[in-house]
Amino acid sequence: MATILQVENLARSYGEKNLFEDISFVINQSQKVALIARNGAGKTSLLDIIAGLEPSDGGEVTHFARDSFAYLKQEPALNLQSTVFEEVYAHTTEVQQAILDYEMAITTGNREALEPAINRMDALQGWEYETRIRQILTQLKLPDMNQKLCELSGGQRKRVALAKVLITEPQFLILDEPTNHLDVEMIEWLEEYLCKARITLLMVTHDRYFLDRVCDEILEMEHAAVYRYKGSYSYFLEKQSERYNIQNKETERARNLLRTEQEWMRRMPKARTTKAKARIDSFYELKEVASKKIHEERININIEGVRMGKKILELHDVSFNWGDLSVLQNFSYTFKRNEKIGVIGKNGSGKSTFLDLLTGRLRPVKGHIQTGETVAFGYYQQQGLSFNEQTKVIEVVREIADVVKLGNGETVSAAAFLNYFMFPYHSHYQPVYKLSGGEKRRLYLVTVLMHSPNFLILDEPTNDLDILTLNILEEYLSSYNGCIVVVTHDRFFLDKIVDHLLVFEDDGKIRDFPGNYTQYREWCEARKRREQFQRRKAAPGEPVVKEKVIDDKKLTFKEKREFEQLEREIQLLEDEKSATEVSLNSGTLSSADLIEKSERFAVILAEIEAKTDRWLELSEREAGG
C-alpha cells in the first residue's frame, strides 16, 4: 500500500513546554486516522507542521500527495468580505477555474463569456466535476451564494470552509475538529460522506460517534509520545487501559528498586570507580522512570448545589420570534427535580435563544416564565470566555472561592478542584494566555461549576474539549443533583447524560421526546418507514388518509413499552417480508414450498398492517398528548 505521509522524529516545544519529541508515524493510502490527546498536548501544532504552516524544532515531514492535499483548520481563515461564491471557488485548479468562469457567466448573464466558458468546460471534461460540486454544495445547505461571509453565523462559515476543501476532492485530507459549530444533521451527512469517500484522512475530533464510524485507526499523543491503535474507539479504550496497567506496574517496580538504590547512594564513598559511576547513571535513569505517573486516582467530585424548592421553572404558552423567524410558539413546560434534558435542532432554529429565555436574559413576546425562588443557574455559554489573560490559573478560581463544598458535606480546595478537571498542580501558577483554546474552555467550565448551581444550562459544552475532559464532565454530570439543560451536537454525550430531548422543529414547534438521541433517531427512522409503508398501502391515485388522534392522553408506562416493542416487531416483520420476497422471486422453490411461502407472505402483510395501525395510534397520542 502506497505511503501518503511520513513523519520522522518530529519535535516541537513552546518555551519550557515540550509538546512532543521524536515522534514518528506513517499514514498509508486510504487509511482514515483519528488523532486524540488532551487539550494543550499539541494536536493542532502537529497538524500545522504537517500542513507546512508552522516550523518544527526537529525531524522531517514527507508528503507523497502534496499536489492533492487539503487542510480544514479548527478556525478556518476566511475573507469575511468575500461572498460565499467567491470564497468557495478561491484557490482553484484549472478545472475549478473553468467551472468558476462558467458559473460567473451564468450568474451575471454574460452571453459573450458563456460560449468560451462552455467550450472550456467541454475541453476539460468539467461537467461531471461541476455536478459533484453542486451536489456537495446542496448537501451542505450553503446560504445565498452572493451573501457576504461577515453576515453568516459560525455554523454557516464552517460549512463554507468545508465546501472549499471537499470540492477539491483531495487524495489526502486533514480535518481539525470538523464537527464544531455543525448541527447534528450536517454532522451525520459529513460522517456518511467521509465513510464513502476514497481518500486518506487524518482527523482531530472529540466526537466519539463520528470518530468511531469514520476512522479505522487511532493515534494517541500522550507524554510527548505517540501510540498507535488499529481499531474502533472502544478497542482503543481497552488497549489504552492495558497500556496504563503495564506502565503502572513498571513504575511501581522502578520505585521499589529506587528505594534500594537510594540507600546505596547514601552509603557510596566519595572515591567512585568507573563501575560505580555506571551504577549512578543507572540510578538517575531509574529515578526518571519511577517519577512517571500514568494513571492517577481522582477524587469523587459531587458539588453541593443550592437547595432547590418545589417550584423550579415553568413556561406557560411562551412565544418568541426574531423578526419573521418564529423561535417558540405557545410552548409550555414544567421542569421537575433532577431532570437532564438535551436540546437539539438545526443551526439557527433558536436553541441558544431558548436558553437565554430560561435564564431571563431575554423576555418572551407572549406568555410568561416563572422561576422558583431557590433556583441558582449556572450558565455555560458559547461566547463565555472573558478572562484577564495575565491572571494566573489558580487566581481565576480563587476569585470565586478558596474551597468548594461537596455533596457529602466535605470540602476540597480550589487547587484540588482544578486538578480534578485536568489542571495539574504545576500548571496553576502559569498565566491564562499560555493555555490552549481547549484548556481555556475547560477553565471556564470550572468557574461555572464552582458557583454551586442547582440548575445547569450548558450551551455547546463539548466544543474544543478533549475526550478525556468530556469523560470527566460526563462523570460529574451523571451524579449531579440538580436540573440540567444542555444544547449539544455531540450524540455520544446526549446518549450518556440526558433523560429526554426537546427537539426544535420548524416554525417554532418543539417536540418533547422521552429518551436519548439514539432512541430518537430510531424513532425517526421507524416513523419514516411507517410513512413509506402507508404510501405503499394507499391505492394508486388516492391520497393517503392521515390517521385521526384517537386519544389525547399521554401514554401509560405499559403503553410506552408496547410502543417500543411494536417498533422492533414491525422491523423484524419487514426484514422477514423482504427475505420472503427474494425467496418467492428466486425461481428455485418447489410447488409445496411456493405455496407455504405465499401463505406466510400474506400473514406477514396482515401482521405488519395491524401492528402499524396500532403503532400509529400510540405515536399520534405520544406526539399530541
# chains A, B, ... in the order shown; residues from 1 in each chain; ligands from 1

$ select_by_dssp --residues "segment 49-253 of chain A" --states "strand (DSSP E)" --output "MDAnalysis selection string"
chainID A and resid 58:63 69:72 172:176 200:204 217:222 225:230

$ write_last_selection --atoms "C-alpha atoms" --output "compact mmCIF listing (two decimals), in the first residue's frame"
# COMPACT_ATOMS: atom_id res chain seq x y z
CA GLY A 58 13.45 18.91 14.58
CA GLY A 59 12.53 15.95 12.44
CA GLU A 60 11.08 15.66 8.97
CA VAL A 61 7.64 15.52 7.31
CA THR A 62 7.37 13.94 3.87
CA HIS A 63 4.21 14.30 1.75
CA PHE A 69 -3.88 17.82 -0.25
CA ALA A 70 -6.38 19.90 1.75
CA TYR A 71 -6.48 21.10 5.36
CA LEU A 72 -9.52 22.32 7.29
CA PHE A 172 -5.15 13.43 1.47
CA LEU A 173 -7.41 15.42 3.79
CA ILE A 174 -6.63 16.81 7.26
CA LEU A 175 -9.53 17.95 9.45
CA ASP A 176 -9.16 19.73 12.82
CA THR A 200 -6.73 9.28 3.05
CA LEU A 201 -7.79 11.09 6.22
CA LEU A 202 -6.06 12.46 9.33
CA MET A 203 -8.53 14.00 11.73
CA VAL A 204 -8.69 15.55 15.20
CA GLU A 217 -7.05 3.76 13.30
CA ILE A 218 -6.29 5.98 16.29
CA LEU A 219 -3.08 7.86 17.11
CA GLU A 220 -2.88 8.92 20.75
CA MET A 221 -0.48 11.68 21.81
CA GLU A 222 0.48 11.39 25.47
CA ALA A 225 4.93 10.40 22.56
CA VAL A 226 2.55 8.76 20.06
CA TYR A 227 0.80 5.40 20.49
CA ARG A 228 -0.99 3.68 17.61
CA TYR A 229 -4.18 1.57 17.80
CA LYS A 230 -5.77 -0.24 14.86

$ residues_around --residues "Gly515 of chain A" --least-positions-apart "4" --cutoff "7 Å" --atoms "only C-alpha atoms" --output "VMD selection string"
chain A and resid 499 to 501 519 to 520

$ closest_atom_pairs --of "segment 149-227 of chain A" --to "segment 340-347 of chain A" --cutoff "12 Å" --atoms "only C-alpha atoms" --output "Markdown table"
| residue | atom | partner | partner_atom | distance |
| --- | --- | --- | --- | --- |
| A:Leu152 | CA | A:Asn347 | CA | 11.5 |
| A:Ser153 | CA | A:Asn347 | CA | 8.8 |
| A:Gly154 | CA | A:Asn347 | CA | 9.4 |
| A:Gly155 | CA | A:Asn347 | CA | 6.8 |
| A:Gln156 | CA | A:Asn347 | CA | 8.4 |
| A:Arg157 | CA | A:Asn347 | CA | 11.7 |
| A:Lys158 | CA | A:Asn347 | CA | 11.5 |
| A:Arg159 | CA | A:Asn347 | CA | 11.2 |
| A:Asn180 | CA | A:Asn347 | CA | 11.7 |
| A:His181 | CA | A:Asn347 | CA | 8.2 |
| A:Leu182 | CA | A:Asn347 | CA | 7.2 |
| A:Asp183 | CA | A:Lys346 | CA | 5.5 |
| A:Val184 | CA | A:Lys346 | CA | 7.2 |
| A:Glu185 | CA | A:Lys346 | CA | 7.1 |
| A:Met186 | CA | A:Lys346 | CA | 8.5 |
| A:Ile187 | CA | A:Lys346 | CA | 10.8 |

$ closest_residue --among "A:Phe236, A:Phe563, A:Phe423, A:Phe320" --to "Lys366 of chain A" --atoms "only C-alpha atoms"
A:Phe320

$ closest_residue --among "A:Leu357, A:Val84, A:Val95, A:Val503" --to "Asp122 of chain A" --atoms "only C-alpha atoms"
A:Val95

$ residues_around --residues "segment 33-43 of chain A" --least-positions-apart "4" --cutoff "9 Å" --atoms "only C-alpha atoms" --output "JSON, numbers by chain"
{"A": [12, 13, 18, 19, 20, 27, 47, 48, 176, 200, 201, 202, 203, 204, 205, 206, 211, 214, 215, 216, 217, 218, 219, 220, 221, 222, 223, 224, 422, 435, 436, 437, 438, 439, 442, 464, 465, 466, 467, 468, 469]}

$ write_last_selection --atoms "C-alpha atoms" --output "short mmCIF file (atom, residue, chain, number, x, y, z; two decimals), in the first residue's frame"
data_model
loop_
_atom_site.label_atom_id
_atom_site.label_comp_id
_atom_site.auth_asym_id
_atom_site.auth_seq_id
_atom_site.Cartn_x
_atom_site.Cartn_y
_atom_site.Cartn_z
CA ARG A 12 8.06 20.88 18.97
CA SER A 13 8.20 22.97 22.13
CA ASN A 18 7.72 20.36 25.48
CA LEU A 19 4.73 19.40 23.30
CA PHE A 20 6.27 16.34 21.66
CA ILE A 27 -0.13 7.05 7.08
CA LEU A 47 -1.35 19.32 12.12
CA ASP A 48 0.01 22.79 11.28
CA ASP A 176 -9.16 19.73 12.82
CA THR A 200 -6.73 9.28 3.05
CA LEU A 201 -7.79 11.09 6.22
CA LEU A 202 -6.06 12.46 9.33
CA MET A 203 -8.53 14.00 11.73
CA VAL A 204 -8.69 15.55 15.20
CA THR A 205 -12.15 15.24 16.75
CA HIS A 206 -13.78 14.95 20.17
CA LEU A 211 -14.58 9.06 15.23
CA VAL A 214 -15.29 7.25 10.14
CA CYS A 215 -11.84 6.19 11.31
CA ASP A 216 -10.18 2.77 11.34
CA GLU A 217 -7.05 3.76 13.30
CA ILE A 218 -6.29 5.98 16.29
CA LEU A 219 -3.08 7.86 17.11
CA GLU A 220 -2.88 8.92 20.75
CA MET A 221 -0.48 11.68 21.81
CA GLU A 222 0.48 11.39 25.47
CA HIS A 223 3.54 12.46 27.45
CA ALA A 224 5.19 13.81 24.26
CA MET A 422 -7.10 18.08 34.36
CA LEU A 435 -3.38 27.92 27.87
CA SER A 436 -4.63 26.37 24.64
CA GLY A 437 -8.14 27.16 23.38
CA GLY A 438 -9.48 23.90 24.80
CA GLU A 439 -7.80 24.49 28.18
CA ARG A 442 -12.16 23.83 30.44
CA ASP A 464 -12.96 22.32 21.96
CA LEU A 465 -12.85 19.90 24.91
CA ASP A 466 -10.70 16.80 24.58
CA ILE A 467 -12.15 13.32 25.02
CA LEU A 468 -10.62 12.80 28.48
CA THR A 469 -12.18 16.05 29.75
#
